[in-house]
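Colleague: Here you go, this is structure-v9.cif (mmCIF, C-alpha atoms).
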```cif
data_query
loop_
_atom_site.label_atom_id
_atom_site.label_comp_id
_atom_site.auth_asym_id
_atom_site.auth_seq_id
_atom_site.Cartn_x
_atom_site.Cartn_y
_atom_site.Cartn_z
CA MET T 765 -2.30 22.79 -4.57
CA VAL T 766 -4.44 20.67 -2.24
CA LEU T 767 -3.78 21.15 1.48
CA MET T 768 -2.40 17.75 2.47
CA ILE T 769 -2.59 16.31 5.97
CA GLU T 770 -0.07 13.78 7.27
CA ARG T 771 0.06 10.69 9.47
CA VAL T 772 2.85 10.15 11.97
CA LEU T 773 4.27 6.63 12.26
CA HIS T 774 5.37 5.24 15.61
CA ASN T 775 9.02 6.00 14.79
CA GLY T 776 8.19 9.66 14.11
CA VAL T 777 8.28 9.48 10.31
CA ARG T 778 5.55 11.53 8.68
CA MET T 779 3.70 10.29 5.60
CA PRO T 780 0.92 11.77 3.46
CA ALA T 781 -2.67 10.83 4.28
CA ILE T 782 -3.44 9.77 0.69
CA GLY T 783 -1.29 8.35 -2.09
CA LEU T 784 -1.16 6.99 -5.61
CA GLY T 785 -1.32 3.28 -6.40
CA THR T 786 0.61 2.29 -9.52
CA TYR T 787 -0.31 -1.33 -10.32
CA PRO T 788 -0.41 -2.30 -13.19
CA LEU T 789 0.80 0.93 -14.86
CA MET T 790 4.04 0.87 -16.83
CA GLY T 791 6.01 2.95 -19.32
CA ASP T 792 4.57 6.23 -20.54
CA ALA T 793 1.20 5.51 -18.92
CA LEU T 794 2.96 5.35 -15.56
CA TYR T 795 4.87 8.56 -16.26
CA GLN T 796 1.70 10.41 -17.21
CA SER T 797 -0.06 9.19 -14.08
CA VAL T 798 2.81 10.12 -11.74
CA SER T 799 3.38 13.47 -13.47
CA ASN T 800 -0.31 14.37 -13.24
CA ALA T 801 -0.40 13.15 -9.65
CA TYR T 802 2.56 15.34 -8.69
CA ASP T 803 0.97 18.38 -10.33
CA THR T 804 -2.28 17.81 -8.44
CA GLY T 805 -0.60 17.39 -5.05
CA TYR T 806 0.19 13.69 -4.55
CA ARG T 807 3.49 12.92 -2.88
CA LEU T 808 3.03 9.28 -1.74
CA ILE T 809 3.67 6.76 -4.54
CA ASP T 810 3.10 3.03 -3.95
CA THR T 811 4.67 0.20 -5.95
CA ALA T 812 6.15 -3.28 -5.40
CA ASP T 813 9.01 -5.37 -6.73
CA ASN T 814 6.57 -7.83 -8.31
CA TYR T 815 4.60 -5.12 -10.09
CA TYR T 816 7.66 -5.03 -12.36
CA ASN T 817 7.30 -1.27 -12.80
CA GLU T 818 9.92 0.01 -10.35
CA ALA T 819 12.36 0.85 -13.16
CA ASP T 820 9.65 2.69 -15.07
CA LEU T 821 8.70 4.55 -11.91
CA GLY T 822 12.33 5.48 -11.32
CA ASN T 823 12.56 6.82 -14.86
CA ALA T 824 9.30 8.73 -14.46
CA LEU T 825 10.46 10.31 -11.22
CA ASN T 826 13.79 11.23 -12.77
CA ARG T 827 11.96 13.10 -15.53
CA ILE T 828 9.94 14.93 -12.88
CA TYR T 829 13.11 15.78 -10.93
CA ILE T 830 14.60 17.32 -14.06
CA GLN T 831 11.52 19.52 -14.27
CA GLY T 832 12.20 20.88 -10.78
CA ALA T 833 10.82 18.40 -8.25
CA LYS T 834 13.03 17.02 -5.48
CA ARG T 835 13.39 13.47 -4.20
CA GLU T 836 12.64 14.55 -0.63
CA GLU T 837 9.20 15.76 -1.71
CA PHE T 838 8.15 12.18 -2.42
CA PHE T 839 7.25 9.36 -0.04
CA LEU T 840 8.13 6.18 -1.96
CA VAL T 841 6.65 2.85 -0.90
CA THR T 842 7.73 -0.50 -2.31
CA LYS T 843 7.41 -4.11 -1.23
CA ILE T 844 9.33 -7.34 -0.87
CA SER T 845 7.37 -10.06 -2.66
CA ASP T 846 7.49 -13.52 -4.04
CA GLU T 847 7.61 -13.50 -7.85
CA LEU T 848 6.61 -15.43 -10.93
CA TYR T 849 9.29 -17.42 -12.69
CA HIS T 850 8.28 -15.79 -15.99
CA PRO T 851 6.91 -12.31 -15.20
CA ASN T 852 6.87 -11.18 -18.83
CA GLU T 853 4.47 -13.96 -19.71
CA LEU T 854 1.93 -13.59 -16.92
CA GLY T 855 2.27 -10.06 -15.51
CA GLY T 856 2.95 -8.83 -12.01
CA GLY T 857 1.34 -8.75 -8.61
CA ARG T 858 1.24 -12.52 -8.09
CA ASN T 859 3.05 -15.05 -5.90
CA LYS T 860 4.17 -18.27 -7.56
CA GLY T 861 6.89 -19.76 -5.44
CA LYS T 862 10.14 -18.38 -6.82
CA TYR T 863 11.11 -17.18 -3.35
CA PHE T 864 10.07 -17.62 0.30
CA TRP T 865 8.85 -21.23 0.09
CA LYS T 866 10.84 -24.09 1.58
CA ASN T 867 10.58 -26.13 -1.61
CA SER T 868 12.01 -23.33 -3.76
CA PRO T 869 15.48 -24.18 -5.15
CA ILE T 870 16.64 -20.63 -4.40
CA MET T 871 15.85 -21.05 -0.71
CA GLN T 872 18.04 -24.16 -0.33
CA LYS T 873 21.21 -22.07 -0.10
CA PRO T 874 22.64 -21.01 3.29
CA ASN T 875 21.48 -17.55 4.42
CA ALA T 876 18.95 -17.52 1.57
CA VAL T 877 16.45 -15.15 3.23
CA HIS T 878 19.19 -12.66 4.06
CA ASP T 879 20.58 -12.77 0.54
CA VAL T 880 17.18 -12.51 -1.18
CA VAL T 881 15.96 -9.59 0.95
CA LYS T 882 19.27 -7.76 0.59
CA SER T 883 19.27 -8.30 -3.18
CA LYS T 884 15.65 -7.19 -3.53
CA VAL T 885 16.22 -4.00 -1.57
CA GLU T 886 19.34 -3.11 -3.55
CA ASP T 887 17.48 -3.84 -6.78
CA SER T 888 14.58 -1.61 -5.74
CA LEU T 889 16.95 1.22 -4.80
CA GLN T 890 18.67 0.97 -8.15
CA LYS T 891 15.46 0.83 -10.18
CA LEU T 892 13.84 3.67 -8.27
CA LYS T 893 17.03 5.72 -8.70
CA THR T 894 17.24 6.59 -5.02
CA ASP T 895 19.53 5.90 -2.07
CA TYR T 896 16.67 5.34 0.38
CA ILE T 897 13.11 4.02 0.46
CA ASP T 898 10.57 5.81 2.64
CA LEU T 899 8.54 2.69 3.45
CA LEU T 900 9.39 -0.95 2.78
CA LEU T 901 6.58 -3.49 3.18
CA MET T 902 6.44 -7.29 3.26
CA HIS T 903 3.84 -7.97 0.57
CA TRP T 904 2.28 -11.06 2.16
CA PRO T 905 2.71 -12.95 5.44
CA TYR T 906 4.79 -15.71 3.83
CA PRO T 907 4.28 -18.64 6.22
CA ASP T 908 7.59 -20.46 5.72
CA TYR T 909 9.82 -17.45 6.39
CA PHE T 910 7.57 -14.83 7.96
CA GLU T 911 9.75 -14.03 10.97
CA GLU T 912 13.00 -14.41 9.03
CA ILE T 913 11.94 -11.91 6.36
CA TRP T 914 10.91 -9.45 9.06
CA PHE T 915 14.26 -9.90 10.83
CA GLU T 916 16.05 -8.96 7.61
CA MET T 917 13.75 -5.97 7.10
CA GLU T 918 14.64 -4.80 10.60
CA ARG T 919 18.30 -5.05 9.60
CA VAL T 920 17.71 -2.97 6.45
CA TYR T 921 15.87 -0.38 8.55
CA GLN T 922 18.68 -0.19 11.09
CA GLU T 923 21.18 0.26 8.26
CA GLY T 924 19.26 3.38 7.20
CA LYS T 925 18.30 2.21 3.73
CA VAL T 926 14.61 2.59 4.56
CA ARG T 927 12.88 5.13 6.77
CA ALA T 928 10.07 2.82 7.89
CA ILE T 929 9.03 -0.83 7.59
CA GLY T 930 5.70 -2.61 7.60
CA VAL T 931 3.57 -5.45 6.29
CA CYS T 932 0.64 -6.07 3.96
CA ASN T 933 -2.40 -8.35 4.20
CA CYS T 934 -1.77 -9.19 7.86
CA ARG T 935 -4.56 -9.98 10.31
CA GLU T 936 -4.32 -9.90 14.10
CA ARG T 937 -2.98 -13.46 14.24
CA HIS T 938 -0.09 -12.57 11.96
CA LEU T 939 0.91 -9.54 14.01
CA GLU T 940 0.59 -11.50 17.24
CA ARG T 941 2.96 -14.10 15.85
CA LEU T 942 5.41 -11.40 14.85
CA LYS T 943 5.31 -9.91 18.34
CA LYS T 944 7.02 -13.00 19.72
CA THR T 945 10.28 -12.38 17.88
CA ALA T 946 10.22 -8.85 16.46
CA ARG T 947 12.56 -6.20 17.83
CA ILE T 948 10.58 -3.53 15.97
CA MET T 949 6.85 -3.84 15.34
CA PRO T 950 5.50 -2.91 11.91
CA MET T 951 4.85 0.77 11.44
CA VAL T 952 2.28 0.14 8.69
CA ASN T 953 -0.14 -2.60 7.65
CA GLN T 954 -1.57 -2.30 4.13
CA PHE T 955 -4.79 -4.17 3.40
CA GLU T 956 -8.24 -3.83 1.86
CA THR T 957 -11.06 -2.22 3.80
CA SER T 958 -14.16 -0.29 2.75
CA PRO T 959 -17.69 0.51 3.95
CA LEU T 960 -18.61 -3.00 2.74
CA ASN T 961 -15.68 -4.56 4.60
CA THR T 962 -14.91 -2.41 7.62
CA LYS T 963 -12.57 -4.81 9.46
CA GLU T 964 -13.27 -2.94 12.69
CA GLY T 965 -11.50 -5.52 14.84
CA LEU T 966 -8.29 -5.35 12.82
CA LEU T 967 -8.40 -1.55 12.72
CA SER T 968 -8.79 -1.42 16.50
CA TYR T 969 -5.90 -3.85 16.93
CA CYS T 970 -3.65 -1.76 14.66
CA ASP T 971 -4.62 1.42 16.49
CA GLU T 972 -3.87 -0.14 19.88
CA ASN T 973 -0.47 -1.31 18.62
CA LYS T 974 0.38 1.97 16.85
CA VAL T 975 0.33 0.39 13.39
CA GLN T 976 -0.78 2.83 10.69
CA VAL T 977 -3.19 1.37 8.13
CA MET T 978 -2.90 1.89 4.37
CA VAL T 979 -5.80 0.88 2.11
CA TYR T 980 -5.14 -0.64 -1.30
CA SER T 981 -7.85 -0.61 -3.98
CA PRO T 982 -10.01 1.68 -1.82
CA LEU T 983 -12.53 2.27 -4.61
CA MET T 984 -12.96 -1.35 -5.69
CA THR T 985 -16.47 -1.61 -4.21
CA LEU T 986 -17.67 1.24 -6.43
CA ARG T 987 -17.57 -1.20 -9.35
CA MET T 988 -20.29 -3.19 -7.60
CA LEU T 989 -22.83 -0.48 -6.81
CA ASP T 990 -25.46 -2.14 -9.01
CA ASN T 991 -25.30 -5.18 -6.72
CA TYR T 992 -25.71 -3.26 -3.47
CA GLY T 993 -28.61 -0.85 -3.84
CA GLY T 994 -28.68 0.39 -0.24
CA TYR T 995 -24.98 1.21 -0.32
CA ALA T 996 -25.34 3.01 -3.66
CA SER T 997 -28.36 5.01 -2.46
CA LEU T 998 -26.58 6.13 0.71
CA LEU T 999 -23.48 7.20 -1.23
CA ASN T 1000 -25.57 9.12 -3.74
CA GLU T 1001 -27.49 10.86 -0.95
CA ILE T 1002 -24.25 11.97 0.73
CA CYS T 1003 -22.80 13.02 -2.64
CA LEU T 1004 -25.71 15.36 -3.27
CA LYS T 1005 -25.33 16.92 0.16
CA TYR T 1006 -21.64 17.72 -0.22
CA LYS T 1007 -21.53 18.07 -4.02
CA LYS T 1008 -18.81 15.41 -4.20
CA THR T 1009 -18.36 12.20 -6.23
CA VAL T 1010 -18.97 8.75 -4.78
CA ALA T 1011 -15.20 8.14 -4.92
CA GLN T 1012 -14.57 11.28 -2.90
CA ILE T 1013 -17.08 10.19 -0.25
CA VAL T 1014 -15.43 6.77 0.14
CA LEU T 1015 -11.93 8.25 0.28
CA ARG T 1016 -13.08 10.83 2.82
CA TYR T 1017 -14.57 7.98 4.87
CA ASP T 1018 -11.15 6.29 4.87
CA VAL T 1019 -9.32 9.46 5.86
CA GLN T 1020 -11.71 10.16 8.72
CA ARG T 1021 -11.10 6.63 9.99
CA GLY T 1022 -7.43 7.57 10.19
CA LEU T 1023 -6.44 5.43 7.20
CA ILE T 1024 -4.23 6.16 4.18
CA PRO T 1025 -5.99 5.22 0.91
CA ILE T 1026 -3.94 4.78 -2.27
CA PRO T 1027 -6.34 4.97 -5.23
CA LYS T 1028 -5.01 4.49 -8.76
CA SER T 1029 -5.86 6.60 -11.79
CA SER T 1030 -4.24 7.87 -14.97
CA SER T 1031 -6.83 10.59 -15.54
CA ARG T 1032 -5.75 14.06 -14.41
CA GLU T 1033 -9.38 14.93 -13.67
CA ARG T 1034 -9.90 11.79 -11.60
CA LEU T 1035 -6.61 12.27 -9.77
CA GLN T 1036 -7.68 15.80 -8.88
CA GLN T 1037 -11.05 14.60 -7.65
CA ASN T 1038 -9.54 11.80 -5.56
CA ILE T 1039 -7.24 14.15 -3.67
CA ASP T 1040 -9.79 16.94 -3.32
CA ILE T 1041 -11.26 15.52 -0.11
CA PHE T 1042 -9.86 17.81 2.56
CA ASP T 1043 -12.34 20.68 2.25
CA PHE T 1044 -15.31 18.88 3.86
CA GLY T 1045 -16.05 16.35 6.56
CA LEU T 1046 -18.61 13.60 7.01
CA SER T 1047 -20.77 13.80 10.12
CA ALA T 1048 -20.54 11.18 12.86
CA GLU T 1049 -23.96 9.89 11.81
CA GLU T 1050 -22.88 9.58 8.17
CA MET T 1051 -19.77 7.68 9.23
CA LYS T 1052 -21.95 5.30 11.25
CA MET T 1053 -24.36 4.79 8.35
CA LEU T 1054 -21.52 4.01 5.94
CA SER T 1055 -19.97 1.56 8.43
CA ALA T 1056 -23.38 -0.08 8.86
CA CYS T 1057 -23.16 -1.14 5.19
CA ASN T 1058 -20.53 -3.70 6.20
CA ILE T 1059 -21.08 -7.23 4.89
CA ASN T 1060 -17.43 -8.38 5.19
CA LEU T 1061 -17.07 -8.24 1.41
CA GLN T 1062 -13.49 -9.11 0.42
CA THR T 1063 -13.24 -8.06 -3.23
CA LEU T 1064 -9.58 -9.09 -3.61
CA PRO T 1065 -7.92 -12.22 -2.18
CA GLU T 1066 -5.65 -11.28 0.71
CA SER T 1067 -3.22 -14.00 -0.26
CA LYS T 1068 -2.96 -14.64 -3.97
CA SER T 1069 -1.49 -18.16 -4.16
CA CYS T 1070 -0.32 -17.67 -0.56
CA PRO T 1071 -1.91 -19.74 2.22
CA GLY T 1072 -1.11 -17.21 4.96
CA LEU T 1073 -0.43 -18.37 8.48
#
```
Represent the structure of the file as structure tokens.
Modeller:
Amino acid sequence: MVLMIERVLHNGVRMPAIGLGTYPLMGDALYQSVSNAYDTGYRLIDTADNYYNEADLGNALNRIYIQGAKREEFFLVTKISDELYHPNELGGGRNKGKYFWKNSPIMQKPNAVHDVVKSKVEDSLQKLKTDYIDLLLMHWPYPDYFEEIWFEMERVYQEGKVRAIGVCNCRERHLERLKKTARIMPMVNQFETSPLNTKEGLLSYCDENKVQVMVYSPLMTLRMLDNYGGYASLLNEICLKYKKTVAQIVLRYDVQRGLIPIPKSSSRERLQQNIDIFDFGLSAEEMKMLSACNINLQTLPESKSCPGL
């Protein structure tokens, strides 16, 4: 078992310092990934309502519970999202205007935001086969109902259905806007950052405002090493020194920045490697050299079909 460190959110809730991303895994592939992840020490599992795999994840976890695991061992993260009208045709993870847009027919009803958020949370609880969610995130800063969605998330938090609440893909301007009306500031902000996209300003802002940062797709830039020779050479040099993989170096970089990366893998060997990053540390100089690789490279759009604010 890997010795796992934790992060403490501003409401006192503790969460693991690394987790498992699940998009776009489903069915038996998802079960195998989660089962292998549990065996190798992962306890944080990240999903979303518009990944359309919450039910499969709930089933996978139930199988693991039967084998002896306990619900309280896991830190489950899910998200409130817009959705496609026909998810089975086009897949998950996208925003296409079914909810949270003023021109959506669903949003024309009185108290629509309240009803949609309440329904989504209850649906997630049912599919995940649990009576509480450890962390509930707003998937995007939906411009038409940003504050209203957050208000309803605060309500869900105060009702005790979730242990913590946060946002995804928010920059400083989004959080500043939220400050004007929020009773509770986000405990977490999940977004993409890497040595090629350090987002130092946003990280400093989150640190100053006690917002913990999660990192989705933390290893995405490793697919582009052939395009960035200096970055690849530096990673390889550090790998040789510590006898670690390039993925382990990048994940260790995230952890030492105080972030929570959530890499995805189905391979037991890769899962083991990704979590085996707590037995060494990068030097201050190595951290500086990796950060100096920054070119503000955004490999994934922060707002898929969402204009932001």
Colleague: Determine the residue set returned by the PyMOL selection byres ((chain T and resi 1050) around 12) for the present structure, and present it as number ranges by chain.
Modeller: T: 959, 998-999, 1001-1003, 1005-1006, 1013-1014, 1016-1017, 1020, 1045-1049, 1051-1057
Colleague: Determine the residue membership of the PyMOL selection byres ((chain T and resi 969-971) around 10) for the file above and supply it as a VMD selection string.
Modeller: chain T and resid 935 to 936 939 950 to 953 964 to 968 972 to 977 1022
Colleague: Please write the residues from the selection above to a file, keeping C-alpha atoms, as an mmCIF file, keeping the file's coordinate frame.
Modeller:
```cif
data_model
loop_
_atom_site.group_PDB
_atom_site.id
_atom_site.type_symbol
_atom_site.label_atom_id
_atom_site.label_comp_id
_atom_site.auth_asym_id
_atom_site.auth_seq_id
_atom_site.Cartn_x
_atom_site.Cartn_y
_atom_site.Cartn_z
ATOM 1 C CA ARG T 935 -4.560 -9.980 10.310
ATOM 2 C CA GLU T 936 -4.320 -9.900 14.100
ATOM 3 C CA LEU T 939 0.910 -9.540 14.010
ATOM 4 C CA PRO T 950 5.500 -2.910 11.910
ATOM 5 C CA MET T 951 4.850 0.770 11.440
ATOM 6 C CA VAL T 952 2.280 0.140 8.690
ATOM 7 C CA ASN T 953 -0.140 -2.600 7.650
ATOM 8 C CA GLU T 964 -13.270 -2.940 12.690
ATOM 9 C CA GLY T 965 -11.500 -5.520 14.840
ATOM 10 C CA LEU T 966 -8.290 -5.350 12.820
ATOM 11 C CA LEU T 967 -8.400 -1.550 12.720
ATOM 12 C CA SER T 968 -8.790 -1.420 16.500
ATOM 13 C CA GLU T 972 -3.870 -0.140 19.880
ATOM 14 C CA ASN T 973 -0.470 -1.310 18.620
ATOM 15 C CA LYS T 974 0.380 1.970 16.850
ATOM 16 C CA VAL T 975 0.330 0.390 13.390
ATOM 17 C CA GLN T 976 -0.780 2.830 10.690
ATOM 18 C CA VAL T 977 -3.190 1.370 8.130
ATOM 19 C CA GLY T 1022 -7.430 7.570 10.190
#
```
Colleague: What separation in Å, quoted to one decimal, exists between atom CA of Met902 of chain T and atom CA of Val1019 of chain T?
Modeller: 23.1 Å
Colleague: So, with all atoms listed in the file as the atoms that count, which of T:Arg937, T:His903, T:Arg1034, T:Arg827 lies closest to Phe955 of chain T?
Modeller: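 Between T:Arg937, T:His903, T:Arg1034, T:Arg827, the residue approaching Phe955 of chain T most closely is T:His903.
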Colleague: Care to translate the PyMOL selection byres ((chain T and resi 796-804) around 6) into actual residues of this file, as an MDAnalysis selection string?
Modeller: chainID T and resid 793:795 805:806 1030 1032 1036
Colleague: Work out how far atom CA of Thr786 of chain T is from atom CA of Glu916 of chain T, in Å to one decimal.
Modeller: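 Atom-to-atom, atom CA of Glu916 of chain T to atom CA of Thr786 of chain T, that is 25.7 Å.
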Colleague: Could you check the closest approach to Leu901 of chain T for each of T:Leu840, T:Thr945, T:Ser883, T:Ala819 and tell me which residue wins, using all atoms listed in the file?
Modeller: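 Counting all atoms listed in the file, the residue closest to Leu901 of chain T is T:Leu840.
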Colleague: Mind checking which residues fall within 8 Å of segment 860-871 of chain T, counting only C-alpha atoms, ignoring those fewer than 5 positions away in the same chain, and posting them as a PyMOL selection string?
Modeller: chain T and resi 846-849+876-877+880+906+908-909+1069
